[in-house]
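Here the structure is laid out as C-alpha cells; the discussion comes afterwards.
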Amino acid sequence: MAPSIDSFFDKRIADRWGPTRNEANAIRELLHGNINPEEAAARFTRDINASRTIEASRGSLRGMWLLLEDTARKFPEHHTKLVALVDAIRQLPDLVIRGETVVKWRELPILAEVWGENVFDRDELAYSEEQISVIAFTAQLCARRLVDDNDFLSAAELDFYTAFEQTPSASSVLKAEDIQRLNVNVPIAAQWIIHAGEVIYNCEDSFVSGPRTGQRGFSYDRWKLWKERAEWVCGLKRMVRRETIDMARKMVERMNQIEINNTST
C-alpha cells in the first residue's frame with residue numbers, strides 16, 4: 001500500500017540524512033496541486049542555488065535526485081507532475097559562484113549517475129512494483145527527450161535483453177528461474193515500450209539492420225524479436241503471473257501501433 005503524500009515527505013524530512021525541508025515540501029506541494037512545476041522547480045533547487053561554495057552545491061545534488069527517484073517509485077499516479085518538474089528544472093538559469101558556472105541545470109547534473117547506481121543496477125530476479133514504477137517514470141523522461149539517450153536508453157536495451165533474449169526459446173521447457181525472470185523483467189521491459197516505444201523505434205542513429213542478439217545497440221531485427229517473444233509470453237497462461245501476460249499484451253499492442261504509425265507517415 002502506497003503511503004500518503006504527507007506521511008511520505010514527513011518521514012523523509014525526519015531522516016537525519018534525508019532531503020532538506022525545501023526540497024521535500026516543493027514536491028509535496030506539487031503533488032497536492034498547490035503549486036505549478038515552475039514554482040516547484042524553484043523551491044526544489046533553492047538550497048543548492050543558495051550555496052556559497054562549489055563543494056556544497058555539488059554535494060547536495062545527489063540527495064535531491066534521490067528524493068525525486070524515491071517519489072517516482074512510490075507515486076506512479078503523479079508521474080506526469082514529476083516529469084513536468086524535471087522539465088522545469090532544466091529551464092532554470094545556471095548556478096554561478098564567484099564567476100564559475102558550477103551547476104548547469106539544463107544538463108541535470110549527476111542524474112544519470114544516481115539513476116545508474118539506484119535504478120538500473122538491480123536484481124533481475126527480484127520482483128518490485130516500485131522498480132516497475134520508477135522505470136515507467138524514466139521512460140517518460142526519455143519520451144520527452146529530457147535526458148540523454150546514451151545514458152538512459154542503454155538501460156532499456158539491457159532490460160529487453162534480460163526479459164526476452166536471456167530466457168529460453170519457445171520450444172524449451174521453462175525452469176523456475178526462467179519463469180521468475182519473465183515475471184520480473186517483462187513488466188519492466190513493457191514500461192519502456194508503453195511510454196517511450198516511439199522514441200526507441202525511431203532511434204535512427206542506434207537502430208541498425210541485421211541481428212545483434214545479445215550485443216549492444218538497437219536493431220529492427222531485435223525489435224521484431226522482442227515483439228515475437230512478448231507474443232509468446234502472452235500464451236504462457238498458468239505458468240507466469242497474470243500481470244506478466246497483461247504487460248506483454250500491452251507491449252505487443254503498443255509495438256503494433258507504433259509500426260502502423262511509422263508506416264503511414
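Letters A, B, ... mark the chains of the C-alpha cells in the order given; residue numbers begin at 1 per chain; ligand numbers begin at 1, in order shown.
The shell of residues at most 8 Å from Ile200 of chain A, with only C-alpha atoms counted and near chain neighbours (fewer than 4 positions) removed, consists of Leu153, Ile193 and Ala196 of chain A.
For segment 52-64 of chain A, the set of protein, DNA and RNA residues having any atom at most 7 Å away, when counting only C-alpha atoms and skipping those fewer than 3 positions along the same chain, is Pro19, Glu23, Ile48, Leu67, Leu68, Ile97, Val102 and Val114 of chain A.
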Output C-alpha atoms of each residue in that selection to a file, as a PDB file, in the first residue's frame.
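Writing the result to out_13.pdb gives the following:
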ATOM      1  CA  PRO A  19      16.343  15.805   1.914  1.00  0.00           C
ATOM      2  CA  GLU A  23      13.233  20.010  -1.331  1.00  0.00           C
ATOM      3  CA  ILE A  48      21.517  24.370  -3.841  1.00  0.00           C
ATOM      4  CA  LEU A  67      14.266  12.207  -3.409  1.00  0.00           C
ATOM      5  CA  LEU A  68      12.923  12.502  -6.960  1.00  0.00           C
ATOM      6  CA  ILE A  97      29.601  31.026  -7.767  1.00  0.00           C
ATOM      7  CA  VAL A 102      29.087  25.178 -11.136  1.00  0.00           C
ATOM      8  CA  VAL A 114      22.307   8.475  -9.488  1.00  0.00           C
TER       9      VAL A 114
END
Minimum-distance residue to Ala24 of chain A, chosen among A:Arg254, A:Arg43, A:Lys237, A:Arg222 (using only C-alpha atoms): A:Arg43
Extract, using only C-alpha atoms, all DNA, RNA and protein residues at most 6 Å from Ala41 of chain A, discarding same-chain residues fewer than 6 positions from it, and format them as a PyMOL selection string. chain A and resi 85+88-89
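Residues in contact range of Arg21 of chain A, defined as at most 10 Å between only C-alpha atoms, with sequence neighbours fewer than 6 positions away removed, read Phe9, Asp10, Arg12, Ile13, Ala14, Arg43, Phe44 and Asp47 of chain A.
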Can you write out the residues you just picked, keeping N, CA and C atoms, as a PDB file, in the first residue's frame?
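Writing the result to again.pdb gives the following:
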ATOM      1  N   PHE A   9       6.575  12.403   2.891  1.00  0.00           N
ATOM      2  CA  PHE A   9       7.532  13.506   2.976  1.00  0.00           C
ATOM      3  C   PHE A   9       7.896  13.851   4.415  1.00  0.00           C
ATOM      4  N   ASP A  10       6.968  13.681   5.340  1.00  0.00           N
ATOM      5  CA  ASP A  10       7.297  13.906   6.751  1.00  0.00           C
ATOM      6  C   ASP A  10       8.390  12.942   7.209  1.00  0.00           C
ATOM      7  N   ARG A  12      10.634  11.534   5.279  1.00  0.00           N
ATOM      8  CA  ARG A  12      11.898  11.898   4.635  1.00  0.00           C
ATOM      9  C   ARG A  12      12.547  13.090   5.343  1.00  0.00           C
ATOM     10  N   ILE A  13      11.770  14.063   5.731  1.00  0.00           N
ATOM     11  CA  ILE A  13      12.300  15.241   6.419  1.00  0.00           C
ATOM     12  C   ILE A  13      12.884  14.855   7.778  1.00  0.00           C
ATOM     13  N   ALA A  14      12.237  13.897   8.446  1.00  0.00           N
ATOM     14  CA  ALA A  14      12.694  13.488   9.778  1.00  0.00           C
ATOM     15  C   ALA A  14      13.989  12.687   9.730  1.00  0.00           C
ATOM     16  N   ARG A  43      11.637  26.084  -5.866  1.00  0.00           N
ATOM     17  CA  ARG A  43      11.729  25.713  -4.454  1.00  0.00           C
ATOM     18  C   ARG A  43      12.612  24.484  -4.258  1.00  0.00           C
ATOM     19  N   PHE A  44      12.488  23.534  -5.177  1.00  0.00           N
ATOM     20  CA  PHE A  44      13.235  22.276  -5.073  1.00  0.00           C
ATOM     21  C   PHE A  44      14.739  22.515  -5.132  1.00  0.00           C
ATOM     22  N   ASP A  47      17.865  25.518  -2.080  1.00  0.00           N
ATOM     23  CA  ASP A  47      19.011  25.372  -1.169  1.00  0.00           C
ATOM     24  C   ASP A  47      20.328  25.242  -1.933  1.00  0.00           C
TER      25      ASP A  47
END
Using only C-alpha atoms for the distances, tell me which of A:Glu198, A:Asp151, A:Glu69, A:Glu107 is nearest to Ser133 of chain A. A:Glu69
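Coordinates place atom CA of Arg144 of chain A at a distance of 24.9 Å from atom CA of Thr162 of chain A.
Atom CA of Gly197 of chain A is positioned 10.0 Å from atom CA of Glu259 of chain A.
Near Arg249 of chain A, within 8 Å and counting only C-alpha atoms, sit A:Ala230, A:Glu231, A:Cys234, A:Ile245, A:Glu253, not including residues fewer than 4 positions from it in the same chain.
Between atom CA of Ala139 of chain A and atom CA of Asp178 of chain A the interatomic distance comes to 25.1 Å.
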Who sits within 10 Å of Trp192 of chain A, only C-alpha atoms, same chain under 4 positions skipped, as a ChimeraX atom specification: /A:132,135-140,142-143,153,155-157,159-160,187-188,196-200,251
Based on the selection just made, write N, CA and C atoms of those residues as an mmCIF file, in the first residue's frame.
data_model
loop_
_atom_site.group_PDB
_atom_site.id
_atom_site.type_symbol
_atom_site.label_atom_id
_atom_site.label_comp_id
_atom_site.auth_asym_id
_atom_site.auth_seq_id
_atom_site.Cartn_x
_atom_site.Cartn_y
_atom_site.Cartn_z
ATOM 1 N N ILE A 132 9.159 -1.227 -11.230
ATOM 2 C CA ILE A 132 8.343 -1.021 -12.428
ATOM 3 C C ILE A 132 7.924 0.431 -12.522
ATOM 4 N N ILE A 135 10.890 2.781 -13.492
ATOM 5 C CA ILE A 135 11.237 2.610 -14.900
ATOM 6 C C ILE A 135 10.194 3.284 -15.787
ATOM 7 N N ALA A 136 8.931 3.185 -15.413
ATOM 8 C CA ALA A 136 7.879 3.878 -16.165
ATOM 9 C C ALA A 136 8.137 5.378 -16.182
ATOM 10 N N PHE A 137 8.529 5.931 -15.044
ATOM 11 C CA PHE A 137 8.854 7.351 -14.957
ATOM 12 C C PHE A 137 10.060 7.690 -15.823
ATOM 13 N N THR A 138 11.069 6.853 -15.753
ATOM 14 C CA THR A 138 12.284 7.075 -16.539
ATOM 15 C C THR A 138 11.977 7.053 -18.032
ATOM 16 N N ALA A 139 11.138 6.112 -18.439
ATOM 17 C CA ALA A 139 10.763 6.026 -19.849
ATOM 18 C C ALA A 139 10.038 7.288 -20.301
ATOM 19 N N GLN A 140 9.252 7.873 -19.410
ATOM 20 C CA GLN A 140 8.557 9.119 -19.755
ATOM 21 C C GLN A 140 9.543 10.278 -19.911
ATOM 22 N N CYS A 142 12.523 9.883 -21.065
ATOM 23 C CA CYS A 142 13.110 9.635 -22.381
ATOM 24 C C CYS A 142 12.150 10.059 -23.489
ATOM 25 N N ALA A 143 10.875 9.774 -23.317
ATOM 26 C CA ALA A 143 9.890 10.124 -24.336
ATOM 27 C C ALA A 143 9.816 11.633 -24.549
ATOM 28 N N LEU A 153 18.656 5.114 -22.424
ATOM 29 C CA LEU A 153 18.118 4.065 -23.284
ATOM 30 C C LEU A 153 19.017 2.840 -23.331
ATOM 31 N N ALA A 155 19.977 1.417 -20.746
ATOM 32 C CA ALA A 155 19.365 0.580 -19.711
ATOM 33 C C ALA A 155 18.142 -0.131 -20.262
ATOM 34 N N ALA A 156 17.401 0.538 -21.142
ATOM 35 C CA ALA A 156 16.242 -0.096 -21.777
ATOM 36 C C ALA A 156 16.683 -1.310 -22.579
ATOM 37 N N GLU A 157 17.757 -1.148 -23.330
ATOM 38 C CA GLU A 157 18.262 -2.258 -24.128
ATOM 39 C C GLU A 157 18.595 -3.458 -23.246
ATOM 40 N N ASP A 159 17.297 -4.165 -20.358
ATOM 41 C CA ASP A 159 16.048 -4.742 -19.845
ATOM 42 C C ASP A 159 15.375 -5.624 -20.890
ATOM 43 N N PHE A 160 15.404 -5.208 -22.159
ATOM 44 C CA PHE A 160 14.858 -6.046 -23.225
ATOM 45 C C PHE A 160 15.656 -7.344 -23.342
ATOM 46 N N PRO A 187 7.368 -7.049 -17.213
ATOM 47 C CA PRO A 187 6.685 -5.791 -16.879
ATOM 48 C C PRO A 187 7.598 -4.565 -16.970
ATOM 49 N N ILE A 188 8.880 -4.752 -16.667
ATOM 50 C CA ILE A 188 9.828 -3.639 -16.762
ATOM 51 C C ILE A 188 10.082 -3.278 -18.221
ATOM 52 N N ALA A 196 7.934 4.938 -23.999
ATOM 53 C CA ALA A 196 8.989 5.506 -24.855
ATOM 54 C C ALA A 196 9.218 4.688 -26.117
ATOM 55 N N GLY A 197 8.248 3.867 -26.476
ATOM 56 C CA GLY A 197 8.416 2.998 -27.626
ATOM 57 C C GLY A 197 8.649 3.749 -28.929
ATOM 58 N N GLU A 198 7.966 4.876 -29.082
ATOM 59 C CA GLU A 198 8.122 5.659 -30.302
ATOM 60 C C GLU A 198 9.548 6.172 -30.439
ATOM 61 N N VAL A 199 10.113 6.634 -29.326
ATOM 62 C CA VAL A 199 11.494 7.116 -29.342
ATOM 63 C C VAL A 199 12.448 5.978 -29.663
ATOM 64 N N ILE A 200 12.218 4.832 -29.052
ATOM 65 C CA ILE A 200 13.092 3.680 -29.290
ATOM 66 C C ILE A 200 13.020 3.241 -30.750
ATOM 67 N N MET A 251 2.351 -4.457 -24.314
ATOM 68 C CA MET A 251 3.580 -4.174 -25.049
ATOM 69 C C MET A 251 3.402 -4.486 -26.535
#
Give me, as a ChimeraX atom specification, the residues of segment 21-244 of chain A that a backbone DSSP run labels alpha helix (DSSP H). /A:21-32,37-44,46-49,54-74,79-90,111-115,129-143,149-160,176-201,220-234,242-244
Selection file, C-alpha atoms, as a tab-separated table (two decimals), in the first residue's frame:
chain	number	residue	atom	x	y	z
A	21	ARG	CA	12.73	20.75	4.09
A	22	ASN	CA	12.60	22.96	0.99
A	23	GLU	CA	13.23	20.01	-1.33
A	24	ALA	CA	10.63	17.78	0.30
A	25	ASN	CA	7.97	20.46	0.59
A	26	ALA	CA	8.46	21.55	-3.02
A	27	ILE	CA	7.48	18.13	-4.32
A	28	ARG	CA	4.82	17.71	-1.62
A	29	GLU	CA	3.06	20.90	-2.70
A	30	LEU	CA	3.41	19.97	-6.37
A	31	LEU	CA	1.77	16.58	-5.84
A	32	HIS	CA	-1.02	18.22	-3.82
A	37	PRO	CA	6.03	22.80	-11.87
A	38	GLU	CA	7.95	26.06	-12.39
A	39	GLU	CA	7.42	27.17	-8.80
A	40	ALA	CA	8.18	23.68	-7.55
A	41	ALA	CA	11.46	23.66	-9.51
A	42	ALA	CA	12.50	26.97	-7.96
A	43	ARG	CA	11.73	25.71	-4.45
A	44	PHE	CA	13.23	22.28	-5.07
A	46	ARG	CA	16.51	26.74	-3.67
A	47	ASP	CA	19.01	25.37	-1.17
A	48	ILE	CA	21.52	24.37	-3.84
A	49	ASN	CA	21.15	27.71	-5.60
A	54	ILE	CA	31.21	24.95	-5.12
A	55	GLU	CA	31.62	21.88	-2.92
A	56	ALA	CA	28.33	22.50	-1.10
A	57	SER	CA	26.35	22.94	-4.31
A	58	ARG	CA	27.68	19.81	-5.96
A	59	GLY	CA	27.46	17.76	-2.79
A	60	SER	CA	23.73	18.44	-2.45
A	61	LEU	CA	22.74	17.27	-5.90
A	62	ARG	CA	22.72	13.57	-5.06
A	63	GLY	CA	20.22	13.93	-2.23
A	64	MET	CA	17.92	16.00	-4.41
A	65	TRP	CA	17.81	13.39	-7.19
A	66	LEU	CA	17.42	10.54	-4.70
A	67	LEU	CA	14.27	12.21	-3.41
A	68	LEU	CA	12.92	12.50	-6.96
A	69	GLU	CA	13.68	8.83	-7.58
A	70	ASP	CA	12.04	7.72	-4.34
A	71	THR	CA	8.95	9.81	-5.08
A	72	ALA	CA	8.66	8.33	-8.57
A	73	ARG	CA	8.83	4.84	-7.05
A	74	LYS	CA	6.07	5.49	-4.53
A	79	HIS	CA	4.48	10.78	-12.78
A	80	THR	CA	3.11	13.44	-15.12
A	81	LYS	CA	3.72	16.12	-12.49
A	82	LEU	CA	7.20	14.81	-11.76
A	83	VAL	CA	8.13	14.81	-15.45
A	84	ALA	CA	6.93	18.40	-15.67
A	85	LEU	CA	9.09	19.20	-12.64
A	86	VAL	CA	12.19	17.81	-14.34
A	87	ASP	CA	11.38	19.82	-17.45
A	88	ALA	CA	11.05	22.97	-15.35
A	89	ILE	CA	14.36	22.30	-13.59
A	90	ARG	CA	16.07	22.16	-16.98
A	111	LEU	CA	21.12	12.50	-12.52
A	112	ALA	CA	22.42	9.77	-14.84
A	113	GLU	CA	24.95	8.71	-12.20
A	114	VAL	CA	22.31	8.47	-9.49
A	115	TRP	CA	19.98	6.52	-11.78
A	129	GLU	CA	6.28	-2.80	-8.09
A	130	GLU	CA	8.41	0.19	-7.17
A	131	GLN	CA	11.03	-0.79	-9.75
A	132	ILE	CA	8.34	-1.02	-12.43
A	133	SER	CA	7.10	2.40	-11.36
A	134	VAL	CA	10.48	4.15	-11.50
A	135	ILE	CA	11.24	2.61	-14.90
A	136	ALA	CA	7.88	3.88	-16.16
A	137	PHE	CA	8.85	7.35	-14.96
A	138	THR	CA	12.28	7.07	-16.54
A	139	ALA	CA	10.76	6.03	-19.85
A	140	GLN	CA	8.56	9.12	-19.76
A	141	LEU	CA	11.65	11.29	-19.29
A	142	CYS	CA	13.11	9.64	-22.38
A	143	ALA	CA	9.89	10.12	-24.34
A	149	ASP	CA	19.60	8.64	-24.75
A	150	ASN	CA	23.10	7.26	-24.29
A	151	ASP	CA	22.75	7.35	-20.51
A	152	PHE	CA	19.20	6.06	-20.22
A	153	LEU	CA	18.12	4.07	-23.28
A	154	SER	CA	21.14	1.82	-22.85
A	155	ALA	CA	19.37	0.58	-19.71
A	156	ALA	CA	16.24	-0.10	-21.78
A	157	GLU	CA	18.26	-2.26	-24.13
A	158	LEU	CA	19.58	-4.29	-21.19
A	159	ASP	CA	16.05	-4.74	-19.85
A	160	PHE	CA	14.86	-6.05	-23.22
A	176	ALA	CA	11.51	-21.99	-12.16
A	177	GLU	CA	14.25	-19.39	-12.64
A	178	ASP	CA	13.09	-18.74	-16.21
A	179	ILE	CA	9.55	-18.10	-15.03
A	180	GLN	CA	10.80	-15.79	-12.30
A	181	ARG	CA	12.93	-13.88	-14.79
A	182	LEU	CA	9.91	-13.38	-17.04
A	183	ASN	CA	7.69	-12.28	-14.16
A	184	VAL	CA	10.27	-9.74	-13.03
A	185	ASN	CA	11.54	-8.37	-16.32
A	186	VAL	CA	8.66	-8.45	-18.81
A	187	PRO	CA	6.68	-5.79	-16.88
A	188	ILE	CA	9.83	-3.64	-16.76
A	189	ALA	CA	10.56	-4.02	-20.47
A	190	ALA	CA	6.92	-3.21	-21.20
A	191	GLN	CA	7.26	0.18	-19.49
A	192	TRP	CA	9.92	1.22	-21.98
A	193	ILE	CA	7.68	0.34	-24.92
A	194	ILE	CA	4.46	1.74	-23.46
A	195	HIS	CA	5.97	5.10	-22.55
A	196	ALA	CA	8.99	5.51	-24.85
A	197	GLY	CA	8.42	3.00	-27.63
A	198	GLU	CA	8.12	5.66	-30.30
A	199	VAL	CA	11.49	7.12	-29.34
A	200	ILE	CA	13.09	3.68	-29.29
A	201	TYR	CA	11.63	2.72	-32.67
A	220	TYR	CA	14.86	-3.65	-36.30
A	221	ASP	CA	15.57	-7.36	-36.02
A	222	ARG	CA	15.78	-7.07	-32.25
A	223	TRP	CA	12.55	-5.04	-32.19
A	224	LYS	CA	10.88	-7.86	-34.13
A	225	LEU	CA	12.40	-10.44	-31.78
A	226	TRP	CA	11.15	-8.59	-28.68
A	227	LYS	CA	7.64	-8.43	-30.10
A	228	GLU	CA	7.66	-12.12	-31.02
A	229	ARG	CA	8.86	-13.03	-27.54
A	230	ALA	CA	6.22	-10.82	-25.92
A	231	GLU	CA	3.58	-12.57	-28.03
A	232	TRP	CA	4.97	-15.89	-26.80
A	233	VAL	CA	4.68	-14.72	-23.18
A	234	CYS	CA	1.01	-13.89	-23.81
A	242	ARG	CA	-1.45	-12.84	-14.99
A	243	GLU	CA	0.10	-9.39	-14.61
A	244	THR	CA	3.06	-10.55	-16.70
Residue contacts of Val173 of chain A (12 Å, only C-alpha atoms) excluding same-chain residues fewer than 6 positions away, as a PyMOL selection string: chain A and resi 167+179+236+239
